[in-house]
Each structure stands twice: as C-alpha cells, then as structure tokens.
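Q: Okay, so here is target.tsv, and as you'll see once you scroll down, it has TSV, C-alpha atoms.
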chain	number	residue	atom	x	y	z
W	1	MET	CA	84.57	103.96	86.73
W	2	THR	CA	81.35	103.29	84.85
W	3	THR	CA	81.01	100.22	82.69
W	4	PRO	CA	79.91	100.58	79.04
W	5	SER	CA	76.36	99.63	80.01
W	6	GLU	CA	76.32	102.26	82.74
W	7	GLY	CA	77.83	105.05	80.66
W	8	THR	CA	75.90	107.48	78.51
W	9	THR	CA	76.05	107.51	74.72
W	10	ALA	CA	76.96	111.16	74.42
W	11	HIS	CA	79.94	112.85	76.05
W	12	THR	CA	78.55	115.37	78.52
W	13	ALA	CA	80.14	118.66	79.44
W	14	THR	CA	81.00	117.34	82.91
W	15	ALA	CA	82.43	113.96	81.85
W	16	ARG	CA	86.14	113.43	82.48
W	17	THR	CA	88.33	110.84	80.80
W	18	GLY	CA	91.58	109.53	82.24
W	19	VAL	CA	94.63	108.80	80.11
W	20	TRP	CA	97.09	106.60	82.00
W	21	PHE	CA	100.50	106.35	80.38
W	22	VAL	CA	102.82	103.42	80.94
W	23	GLY	CA	106.11	105.28	80.54
W	24	ALA	CA	104.53	108.49	81.85
W	25	ARG	CA	107.77	110.46	82.19
W	26	GLY	CA	109.10	109.56	78.75
W	27	SER	CA	109.32	111.86	75.76
W	28	VAL	CA	106.07	110.82	74.09
W	29	ALA	CA	103.94	111.08	77.23
W	30	THR	CA	105.50	114.42	78.22
W	31	THR	CA	104.93	115.82	74.74
W	32	ALA	CA	101.32	114.58	74.75
W	33	VAL	CA	100.54	116.16	78.13
W	34	ALA	CA	102.22	119.46	77.24
W	35	GLY	CA	100.63	119.46	73.81
W	36	CYS	CA	97.14	118.79	75.12
W	37	ALA	CA	97.51	121.68	77.56
W	38	ALA	CA	98.79	123.96	74.80
W	39	LEU	CA	95.89	123.12	72.49
W	40	THR	CA	93.33	123.53	75.27
W	41	ALA	CA	94.75	126.97	76.02
W	42	GLY	CA	94.67	127.93	72.34
W	43	LEU	CA	98.44	128.39	72.19
W	44	HIS	CA	98.89	126.19	69.10
W	45	ALA	CA	96.86	124.73	66.25
W	46	PRO	CA	96.04	120.98	66.44
W	47	ASP	CA	98.46	119.95	63.69
W	48	GLY	CA	98.81	116.17	63.49
W	49	LEU	CA	95.66	115.50	65.52
W	50	VAL	CA	93.40	113.58	63.14
W	51	THR	CA	90.47	113.56	65.58
W	52	GLU	CA	90.36	117.36	65.39
W	53	THR	CA	89.64	117.30	61.64
W	54	PRO	CA	86.10	117.80	60.27
W	55	PRO	CA	85.28	114.09	59.64
W	56	PHE	CA	85.30	113.48	63.41
W	57	ALA	CA	83.09	116.39	64.40
W	58	GLY	CA	80.06	115.07	66.20
W	59	SER	CA	81.60	111.66	66.95
W	60	GLY	CA	81.21	112.19	70.67
W	61	LEU	CA	84.94	112.17	71.43
W	62	ALA	CA	86.12	113.46	74.77
W	63	PRO	CA	87.14	117.12	74.48
W	64	LEU	CA	90.84	117.70	74.97
W	65	ALA	CA	90.05	119.86	78.00
W	66	SER	CA	88.34	116.88	79.68
W	67	LEU	CA	91.40	114.62	79.58
W	68	VAL	CA	93.14	113.94	82.90
W	69	PHE	CA	96.62	112.43	82.81
W	70	GLY	CA	98.51	110.06	85.07
W	71	GLY	CA	100.63	106.97	84.71
W	72	HIS	CA	103.35	104.59	85.78
W	73	ASP	CA	107.09	105.00	85.37
W	74	THR	CA	110.26	103.71	86.96
W	75	VAL	CA	112.18	107.00	86.61
W	76	SER	CA	111.86	109.99	88.92
W	77	CYS	CA	112.47	113.05	86.71
W	78	PRO	CA	109.32	115.20	87.15
W	79	LEU	CA	107.32	116.15	84.06
W	80	PRO	CA	108.03	119.93	84.27
W	81	LYS	CA	111.76	119.19	84.25
W	82	ARG	CA	111.37	116.65	81.44
W	83	ALA	CA	109.46	119.22	79.41
W	84	GLU	CA	112.27	121.73	79.91
W	85	GLU	CA	114.72	119.17	78.56
W	86	LEU	CA	112.53	118.55	75.51
W	87	GLU	CA	112.23	122.29	74.97
W	88	ALA	CA	116.02	122.63	75.08
W	89	GLY	CA	116.25	119.85	72.48
W	90	GLY	CA	113.83	121.59	70.14
W	91	VAL	CA	111.02	119.06	70.57
W	92	LEU	CA	108.73	121.52	72.38
W	93	PRO	CA	108.53	125.15	71.26
W	94	TYR	CA	110.36	127.78	73.26
W	95	GLY	CA	108.43	128.90	76.32
W	96	LEU	CA	105.87	126.07	76.30
W	97	ALA	CA	107.27	124.24	79.33
W	98	SER	CA	106.77	127.38	81.41
W	99	ALA	CA	103.38	128.18	79.90
W	100	VAL	CA	101.88	124.78	80.81
W	101	ARG	CA	103.91	124.10	83.95
W	102	SER	CA	100.85	123.80	86.19
W	103	GLU	CA	99.25	121.19	83.91
W	104	LEU	CA	102.51	119.21	83.78
W	105	ALA	CA	102.82	119.37	87.56
W	106	ALA	CA	99.23	118.17	87.98
W	107	ALA	CA	99.90	115.18	85.73
W	108	ASP	CA	103.16	114.46	87.54
W	109	ARG	CA	101.33	114.23	90.85
W	110	GLU	CA	99.32	111.37	89.35
W	111	ILE	CA	102.36	109.29	88.34
W	112	ARG	CA	103.01	106.19	90.42
W	113	THR	CA	106.11	104.02	90.62
W	114	GLY	CA	106.03	101.16	88.15
W	115	GLY	CA	108.01	97.97	88.02
W	116	PRO	CA	109.47	95.52	88.32
W	117	LEU	CA	112.32	97.58	89.75
W	118	PRO	CA	115.91	96.32	90.02
W	119	GLY	CA	115.97	93.74	92.80
W	120	ASP	CA	112.16	93.73	92.99
W	121	THR	CA	110.95	90.70	94.93
W	122	ARG	CA	107.27	91.13	94.05
W	123	GLY	CA	105.77	88.40	91.90
W	124	ASP	CA	103.55	88.93	88.85
W	125	GLU	CA	100.31	88.73	90.81
W	126	GLU	CA	101.42	91.33	93.35
W	127	LEU	CA	102.64	93.71	90.64
W	128	ILE	CA	99.42	93.36	88.64
W	129	GLY	CA	97.36	93.95	91.77
W	130	THR	CA	99.36	97.05	92.69
W	131	PHE	CA	99.10	98.52	89.19
W	132	ALA	CA	95.35	97.82	89.03
W	133	ALA	CA	94.85	99.48	92.42
W	134	ASP	CA	96.71	102.55	91.15
W	135	LEU	CA	94.31	102.74	88.21
W	136	ARG	CA	91.22	102.41	90.39
W	137	ASP	CA	92.53	105.03	92.82
W	138	PHE	CA	93.21	107.43	89.93
W	139	ALA	CA	89.68	107.03	88.58
W	140	ARG	CA	88.11	107.47	92.01
W	141	ARG	CA	90.28	110.39	93.10
W	142	GLN	CA	89.72	112.33	89.87
W	143	CYS	CA	86.04	111.35	89.49
W	144	LEU	CA	86.66	109.89	86.04
W	145	ASP	CA	84.08	108.20	83.87
W	146	ARG	CA	86.72	105.88	82.41
W	147	VAL	CA	90.48	105.49	82.09
W	148	VAL	CA	92.33	104.44	78.94
W	149	VAL	CA	95.74	102.84	79.53
W	150	VAL	CA	98.26	103.70	76.82
W	151	ASN	CA	101.66	101.99	76.68
W	152	VAL	CA	104.34	104.41	75.46
W	153	ALA	CA	107.26	102.85	77.38
W	154	SER	CA	110.56	101.85	75.80
W	155	THR	CA	110.53	98.78	73.57
W	156	GLU	CA	111.23	95.53	75.39
W	157	PRO	CA	112.61	92.34	73.78
W	158	ALA	CA	110.12	89.62	72.97
W	159	PRO	CA	110.06	87.13	75.88
W	160	ALA	CA	112.09	83.97	75.34
W	161	ASP	CA	109.39	81.97	77.11
W	162	PRO	CA	105.91	82.72	75.71
W	163	ASP	CA	104.34	81.60	79.00
W	164	THR	CA	106.05	84.37	80.97
W	165	LEU	CA	104.61	87.87	81.34
W	166	PRO	CA	107.07	90.65	80.43
W	167	PRO	CA	106.59	94.05	82.11
W	168	SER	CA	104.35	95.37	79.30
W	169	SER	CA	101.99	92.44	79.84
W	170	LEU	CA	101.86	93.02	83.61
W	171	TYR	CA	100.60	96.56	82.96
W	172	ALA	CA	98.18	95.26	80.32
W	173	ALA	CA	96.85	92.65	82.75
W	174	ALA	CA	96.35	95.39	85.34
W	175	ALA	CA	94.32	97.39	82.81
W	176	LEU	CA	92.04	94.39	82.28
W	177	ARG	CA	91.66	93.87	86.02
W	178	ALA	CA	90.76	97.52	86.58
W	179	GLY	CA	88.27	97.51	83.69
W	180	CYS	CA	90.29	99.93	81.54
W	181	PRO	CA	90.47	99.93	77.73
W	182	TYR	CA	94.04	99.51	76.49
W	183	VAL	CA	96.25	100.84	73.70
W	184	ASN	CA	99.71	99.45	72.94
W	185	PHE	CA	101.67	102.13	71.08
W	186	THR	CA	104.89	100.09	71.36
W	187	PRO	CA	106.17	96.86	69.76
W	188	SER	CA	106.21	95.21	73.21
W	189	THR	CA	104.02	92.18	73.94
W	190	GLY	CA	101.30	93.85	76.00
W	191	LEU	CA	97.93	92.11	75.65
W	192	ARG	CA	99.28	89.64	73.08
W	193	ALA	CA	100.85	87.39	75.71
W	194	PRO	CA	99.30	83.91	75.29
W	195	ALA	CA	98.61	83.73	79.03
W	196	LEU	CA	96.32	86.76	78.81
W	197	GLN	CA	94.10	85.72	75.91
W	198	ASP	CA	91.28	84.25	78.00
W	199	ALA	CA	91.25	87.34	80.22
W	200	VAL	CA	91.25	89.64	77.17
W	201	THR	CA	88.22	87.87	75.70
W	202	ALA	CA	86.35	87.71	79.00
W	203	SER	CA	86.93	91.40	79.76
W	204	GLY	CA	84.82	92.71	76.88
W	205	LEU	CA	87.06	95.78	76.78
W	206	PRO	CA	88.06	97.57	73.57
W	207	HIS	CA	91.77	97.48	72.83
W	208	ALA	CA	94.08	98.51	70.00
W	209	GLY	CA	97.68	98.04	68.96
W	210	ARG	CA	100.49	97.61	68.45
W	211	ASP	CA	103.51	99.83	67.63
W	212	GLY	CA	102.63	103.35	66.55
W	213	LYS	CA	103.23	104.19	62.90
W	214	THR	CA	104.94	107.58	62.91
W	215	GLY	CA	107.63	107.80	60.21
W	216	GLN	CA	109.41	105.21	58.10
W	217	THR	CA	106.59	102.67	58.23
W	218	LEU	CA	104.01	105.37	57.57
W	219	LEU	CA	105.82	106.08	54.31
W	220	ARG	CA	106.10	102.36	53.53
W	221	SER	CA	102.34	101.96	53.91
W	222	VAL	CA	101.87	104.62	51.22
W	223	LEU	CA	104.61	103.49	48.80
W	224	ALA	CA	104.10	99.71	48.90
W	225	PRO	CA	100.53	99.89	47.49
W	226	MET	CA	101.81	102.14	44.70
W	227	PHE	CA	104.12	99.38	43.44
W	228	VAL	CA	101.30	96.84	43.58
W	229	GLN	CA	98.83	99.12	41.82
W	230	ARG	CA	101.32	99.92	39.04
W	231	ALA	CA	102.31	96.23	38.66
W	232	LEU	CA	105.95	96.98	39.47
W	233	SER	CA	107.87	94.08	41.02
W	234	VAL	CA	109.79	94.99	44.16
W	235	ARG	CA	113.05	93.02	44.32
W	236	ALA	CA	114.49	94.44	47.55
W	237	TRP	CA	113.55	96.95	50.23
W	238	SER	CA	116.20	97.97	52.74
W	239	GLY	CA	116.15	100.57	55.46
W	240	THR	CA	118.31	102.29	58.04
W	241	ASN	CA	117.29	104.27	61.12
W	242	LEU	CA	119.57	106.63	63.02
W	243	LEU	CA	118.12	107.88	66.29
W	244	GLY	CA	119.07	108.98	69.79
W	245	GLY	CA	117.19	109.61	73.00
W	246	GLY	CA	115.57	106.90	75.08
W	247	ASP	CA	114.37	104.98	72.01
W	248	GLY	CA	117.85	104.90	70.55
W	249	ALA	CA	119.28	103.53	73.78
W	250	ALA	CA	116.53	100.92	74.11
W	251	LEU	CA	116.83	99.79	70.49
W	252	ALA	CA	120.59	99.38	70.81
W	253	ASP	CA	119.61	96.01	72.30
W	254	PRO	CA	119.42	93.65	69.29
W	255	ALA	CA	116.47	91.79	70.79
W	256	ALA	CA	114.50	95.02	71.21
W	257	ALA	CA	115.41	96.10	67.67
W	258	ALA	CA	114.19	92.74	66.35
W	259	ALA	CA	110.84	93.27	68.09
W	260	LYS	CA	110.61	96.72	66.49
W	261	ASN	CA	111.36	95.42	63.00
W	262	VAL	CA	108.50	92.93	63.05
W	263	GLY	CA	106.02	95.75	62.53
W	264	LYS	CA	108.19	97.55	59.99
W	265	ASN	CA	108.27	94.44	57.83
W	266	ARG	CA	104.63	93.46	58.29
W	267	VAL	CA	103.29	96.25	56.09
W	268	LEU	CA	105.53	95.11	53.23
W	269	ALA	CA	104.59	91.45	53.56
W	270	ASP	CA	100.88	92.22	53.88
W	271	THR	CA	100.84	94.63	50.93
W	272	LEU	CA	103.28	92.99	48.52
W	273	GLY	CA	102.25	89.44	49.35
W	274	VAL	CA	105.85	88.51	50.11
W	275	LEU	CA	108.63	90.06	52.16
W	276	PRO	CA	111.30	91.26	49.72
W	277	GLU	CA	115.03	91.01	50.30
W	278	GLY	CA	116.61	93.54	52.60
W	279	ASP	CA	116.87	94.35	56.29
W	280	VAL	CA	116.12	97.32	58.51
W	281	HIS	CA	119.08	98.50	60.57
W	282	ILE	CA	118.59	100.60	63.71
W	283	ASP	CA	121.59	102.53	65.04
W	284	ASP	CA	121.75	104.44	68.30
W	285	VAL	CA	123.33	107.88	67.75
W	286	PRO	CA	123.04	109.72	71.09
W	287	ALA	CA	124.06	113.05	69.53
W	288	LEU	CA	120.77	113.10	67.57
W	289	GLY	CA	118.74	113.39	70.78
W	290	GLU	CA	115.02	113.09	70.07
W	291	TRP	CA	115.47	113.34	66.30
W	292	LYS	CA	115.52	110.50	63.79
W	293	THR	CA	116.68	110.00	60.21
W	294	ALA	CA	115.36	107.03	58.25
W	295	TRP	CA	116.52	105.96	54.78
W	296	ASP	CA	114.86	103.45	52.50
W	297	HIS	CA	116.34	101.95	49.33
W	298	ILE	CA	113.84	100.18	47.08
W	299	ALA	CA	114.93	98.12	44.07
W	300	PHE	CA	112.17	97.28	41.60
W	301	ASP	CA	111.63	96.05	38.05
W	302	GLY	CA	109.78	97.99	35.40
W	303	PHE	CA	108.62	97.17	31.86
W	304	LEU	CA	110.78	94.59	30.05
W	305	GLY	CA	112.77	94.00	33.22
W	306	SER	CA	114.18	97.52	33.39
W	307	ARG	CA	115.84	97.81	36.79
W	308	MET	CA	115.14	100.93	38.80
W	309	THR	CA	115.43	102.26	42.34
W	310	LEU	CA	113.63	104.64	44.64
W	311	GLN	CA	115.36	106.17	47.66
W	312	THR	CA	113.62	108.10	50.42
W	313	THR	CA	114.79	110.10	53.43
W	314	TRP	CA	112.58	110.82	56.44
W	315	GLN	CA	113.79	113.21	59.10
W	316	GLY	CA	111.63	114.05	62.06
W	317	CYS	CA	111.02	114.04	65.78
W	318	ASP	CA	109.31	110.85	66.88
W	319	SER	CA	107.86	112.40	70.03
W	320	ALA	CA	106.20	115.23	68.10
W	321	LEU	CA	104.91	112.74	65.53
W	322	ALA	CA	103.66	110.26	68.14
W	323	ALA	CA	102.03	112.59	70.69
W	324	PRO	CA	98.99	113.61	68.59
W	325	LEU	CA	98.42	109.99	67.57
W	326	VAL	CA	98.42	108.95	71.22
W	327	LEU	CA	95.82	111.61	72.00
W	328	ASP	CA	93.74	110.46	69.01
W	329	LEU	CA	93.83	106.85	70.16
W	330	ALA	CA	92.95	107.66	73.75
W	331	ARG	CA	89.90	109.62	72.61
W	332	LEU	CA	88.77	107.03	70.06
W	333	VAL	CA	89.16	104.06	72.38
W	334	ALA	CA	87.49	105.91	75.26
W	335	ARG	CA	84.52	106.66	73.03
W	336	ALA	CA	84.40	103.03	71.87
W	337	HIS	CA	84.26	101.96	75.52
W	338	GLU	CA	81.57	104.53	76.24
W	339	VAL	CA	79.21	103.13	73.58
W	340	GLY	CA	79.89	99.47	74.39
W	341	VAL	CA	82.28	98.47	71.60
W	342	SER	CA	84.42	95.53	72.72
W	343	GLY	CA	87.42	93.51	71.59
W	344	PRO	CA	90.18	94.41	69.13
W	345	LEU	CA	89.75	97.50	66.95
W	346	PRO	CA	91.24	96.76	63.50
W	347	GLU	CA	89.58	99.99	62.30
W	348	LEU	CA	92.39	101.82	64.11
W	349	GLY	CA	95.09	100.14	62.00
W	350	PHE	CA	95.77	103.59	60.51
W	351	TYR	CA	97.83	104.30	63.63
W	352	PHE	CA	99.88	101.08	63.89
W	353	LYS	CA	102.72	99.18	62.25
W	354	ASP	CA	101.37	95.88	63.57
W	355	PRO	CA	97.61	96.41	63.85
W	356	ASP	CA	94.94	94.04	65.03
W	357	ASP	CA	93.97	91.43	62.44
W	358	GLY	CA	91.03	92.13	60.18
W	359	GLY	CA	91.97	95.49	58.71
W	360	PRO	CA	93.77	96.59	55.52
W	361	ALA	CA	97.51	97.29	55.30
W	362	ALA	CA	97.58	100.27	52.91
W	363	LEU	CA	97.33	103.70	54.53
W	364	ALA	CA	94.58	104.99	52.21
W	365	ALA	CA	92.38	101.97	52.97
W	366	GLN	CA	93.18	102.27	56.68
W	367	TYR	CA	92.10	105.90	56.60
W	368	GLU	CA	88.78	104.94	55.04
W	369	ALA	CA	88.30	102.33	57.78
W	370	LEU	CA	89.07	104.99	60.39
W	371	LEU	CA	86.51	107.35	58.87
W	372	GLY	CA	83.97	104.53	58.98
W	373	PHE	CA	84.76	103.99	62.65
W	374	GLY	CA	84.24	107.70	63.32
W	375	ALA	CA	80.85	107.48	61.60
W	376	ARG	CA	79.98	104.46	63.72
W	377	LEU	CA	80.79	106.38	66.89
W	378	ARG	CA	78.77	109.34	65.64
W	379	ALA	CA	75.76	107.12	64.97
W	380	ALA	CA	75.91	105.85	68.56
W	381	ARG	CA	75.10	109.27	70.00
Output the file's structure in the form of structure tokens.
A:
Amino acid sequence: MTTPSEGTTAHTATARTGVWFVGARGSVATTAVAGCAALTAGLHAPDGLVTETPPFAGSGLAPLASLVFGGHDTVSCPLPKRAEELEAGGVLPYGLASAVRSELAAADREIRTGGPLPGDTRGDEELIGTFAADLRDFARRQCLDRVVVVNVASTEPAPADPDTLPPSSLYAAAALRAGCPYVNFTPSTGLRAPALQDAVTASGLPHAGRDGKTGQTLLRSVLAPMFVQRALSVRAWSGTNLLGGGDGAALADPAAAAAKNVGKNRVLADTLGVLPEGDVHIDDVPALGEWKTAWDHIAFDGFLGSRMTLQTTWQGCDSALAAPLVLDLARLVARAHEVGVSGPLPELGFYFKDPDDGGPAALAAQYEALLGFGARLRAAR
C-alpha cells in the first residue's frame, strides 16, 4: 500500500481501493458488496448513497467500480449463499443474488478467518499480527493503493476491564499496524480502547466512528433540535426497538444492548443539554428477520405549561439502510487518506450515533460539515 505522502492527489482510472469488512459475511457487508456490484452494473439507482449526489462530484472519491472487497469473519456461510438468504427475506431484490454472483464469490475468496475463535489459544499479539498480515496480503495480492477497514460485526459488550482489548480492538489494532484507515460502524470499542491511544496518535491515519446512524437515532437527531429551536421543554423521551436477525440476537445480551444505547442517548444529551427521563428498550424478535420497528414517545411542555406528546414509528431494514452509508464512509475515508488527512474525522458525524468529538449533534449541522469536508477533498485535487 502507498502512504499518504506517496499517493497521488487525484484518483486515477487505474487506482483500486480495498474495503475490508470485519464481519464480512454479515448482513450489512453482504448487502454492501451486492449493492456495489448492482450499482456498478447499472441495475439499480444509487438511492441512499450520499456520495453519489451532486455536492460530491469532483471530490476525487474512488469510483464504485474500483472498490475491491474482502474481510474477516468467524462464520463460514459463503457470500453468494448469504445473499440468497437476504433475497429470500426481502432485503435484496429478487434476482440480484444471481445477477451479481460472480462479484459475491470474488469477495468471498478474500475473506479470512477471524477470531478469537472458541477455545482459541492465541494471545492478543498473535491475533493482531495475523490480522495485519491478512490486510497486507490482500493489498499486495489485489494491487491496491490503500485498504480501509470497516467494522460491521455484531455489537460486543463494553469490556469490564478497560485495559483489555476486546475483539473489535484487536482488529482495529491490526488496521493501525497494517497502515489502514479505519471506520467503526458499530458501538463496539474499536480504536477507543485506552491501550490503543498512543498507537492511534502515532499512526497518523484517518479514522471515523462509531455506531452507524441508520434509523431511530437518525430521526432523533432531526427532532431534538426542533424542540430546542422552538423553546419547547422535553420532559421525557422513551424508545423501543423490535428487531430480529443477527443484530437482534446480539443485542439480546443486556451488556451489548447497553453499549448500543450509549450512542442513542448521546444525541439527546448533546442537543438538549441534558438527558431527559426515559429508557430505550431493545427486544429480540426472531420472526422479524432483518426488519426493525422503532417507537419513540416524547413528552414535552408547551406555552403556559401545556403538556403534549409526539409519537413516532420507524420501520425499515437496517442492512439496506446501513449498506450505502458504509460505502460512503469507505470512499470518504479512503480519499482522506489519499490526500494526507490524519486523525479523527468529526466532519463525518453525519453518519454516526457516537461520532468523534468536535462536530455538531444536529443532523442539519452535521450535513453542512459533511459538505464542507467534501469541498475540502475536492480542493485537494
């Protein structure tokens, strides 16, 4: 891989960018790979892909056709089969798994076994070294200019001991060692482990995260500023999530659900200045498959103390909502690396529940920051 100083400042027609998914056989990664292939072939419009909108034209982002996929996972179901399952569940459109089978198979050949596996006797250093070697081999084998590591694995509980490295942090450490920019699309610890902070700073790599903002929190980041701007006092804000699939199973663990809710609550605290009463409940409903329903109940005071409520319902498919955001982030962070941008990227807070410090919390302001970042990348050409 080239370093930022070695790379060019304009994406050439022959440049190739690697996207390495942690959780490469999960729903989000499979949908992203299949979706990228579908868009490249002109089978579907780029709905949901912000980087394909006019404000990002000329920003030097890697073309979708130049992205090469690989990753780590601990499960063995091949991507073509996983895509068929998602198609049967209505996540992917009918016939897409067959139409892009060759692209899915090519990505599947670049997936390596992750870890730690049950009964794994390898220590942290050996695991990090193995993962970093996989990244270097991927870049060399595919003749890639750079590789962006994107964590889309299932949510893990926050570590009880802050000095230990959970699996997400082992992969993040491997990204640093291999010289790869990093995106954490999950609530898991990743680069935020205290033991990694010196290495993060010394690496000079761009990184962004954490926890992708796809549904309920996206809506919260729009509604919360409305209450502030209209001087309406929010007394309580409660929420419920019903979901199935791998996320539902992972979030059935109370510790994992608690890690997830940190980001959901942050937007309220940052925007309202205080976290109002109310909790977010997450319930695993396997029958829902890849689909999710989220309810919010907001109690607020109006003029002369008049008590009112707002209730919202969000129904959607998290994988279909997340996949275009993951592609956006990979392209934006790759371009940042190409032009020598380093460190955290608060300008990408538009995409996250728990973004890097230094950016706004309201979605409209985050979008303006994102547009400014696109202009900055465009100016670097």
Q: At a cut-off of 9 Å, using all atoms listed in the file, what residues contact Pro286 of chain W? Leave out same-chain residues fewer than 6 positions from it and give the result as number ranges by chain.
A: W: 243-246, 248-249
Q: Could you state the separation of atom CA of Leu43 of chain W and atom CA of Pro80 of chain W in Å, given to one decimal place?
A: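 These atoms are spaced 17.6 Å apart.
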Q: Considering all atoms listed in the file, tabulate each residue of segment 249-287 of chain W that lies at most 10 Å from segment 333-352 of chain W along with its nearest interatomic pair and the corresponding distance in Å to one decimal; arrange the rows by chain and ascending residue number and present them as JSON lines.
A:
{"residue": "W:Gly263", "atom": "CA", "partner": "W:Phe352", "partner_atom": "CA", "distance": 8.2}
{"residue": "W:Lys264", "atom": "CA", "partner": "W:Phe352", "partner_atom": "CA", "distance": 9.8}
{"residue": "W:Val267", "atom": "CA", "partner": "W:Phe352", "partner_atom": "CA", "distance": 9.8}
Q: What's around segment 51-57 of chain W at 8 Å? Count only C-alpha atoms, leave out sequence neighbours fewer than 6 positions away in its own chain, and write the answer as a count of residues only.
A: 4
Q: For Ala97 of chain W, which of W:Ala37, W:Pro63, W:Asp137, W:Met226 is the closest residue, counting all atoms listed in the file?
A: W:Ala37
Q: Have a look at W:Ala193, W:Leu61, W:Ala252, W:Ala380 and name the one nearest to Ala172 of chain W; count all atoms listed in the file.
A: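 Using all atoms listed in the file, Ala172 of chain W sits closest to W:Ala193.
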Q: How would you write as a list in words the residues that get within 7 Å of (115.3, 95.7, 52.8) in the file's frame, counting only C-alpha atoms?
A: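 Protein, DNA and RNA residues close to (115.3, 95.7, 52.8): Ala236, Trp237, Ser238, Gly239, Pro276, Glu277, Gly278, Asp279 and Val280 of chain W.
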Q: Can you work out the spacing between atom CA of Ala364 of chain W and atom CA of Leu49 of chain W in Å, to one decimal?
A: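 Atom CA of Ala364 of chain W sits 17.0 Å away from atom CA of Leu49 of chain W.
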Q: Please provide as a PyMOL selection string all residues within 10 Å of Leu275 of chain W, with the sequence filter that same-chain residues fewer than 4 positions apart are discarded (counting only C-alpha atoms).
A: chain W and resi 234-237+265-271
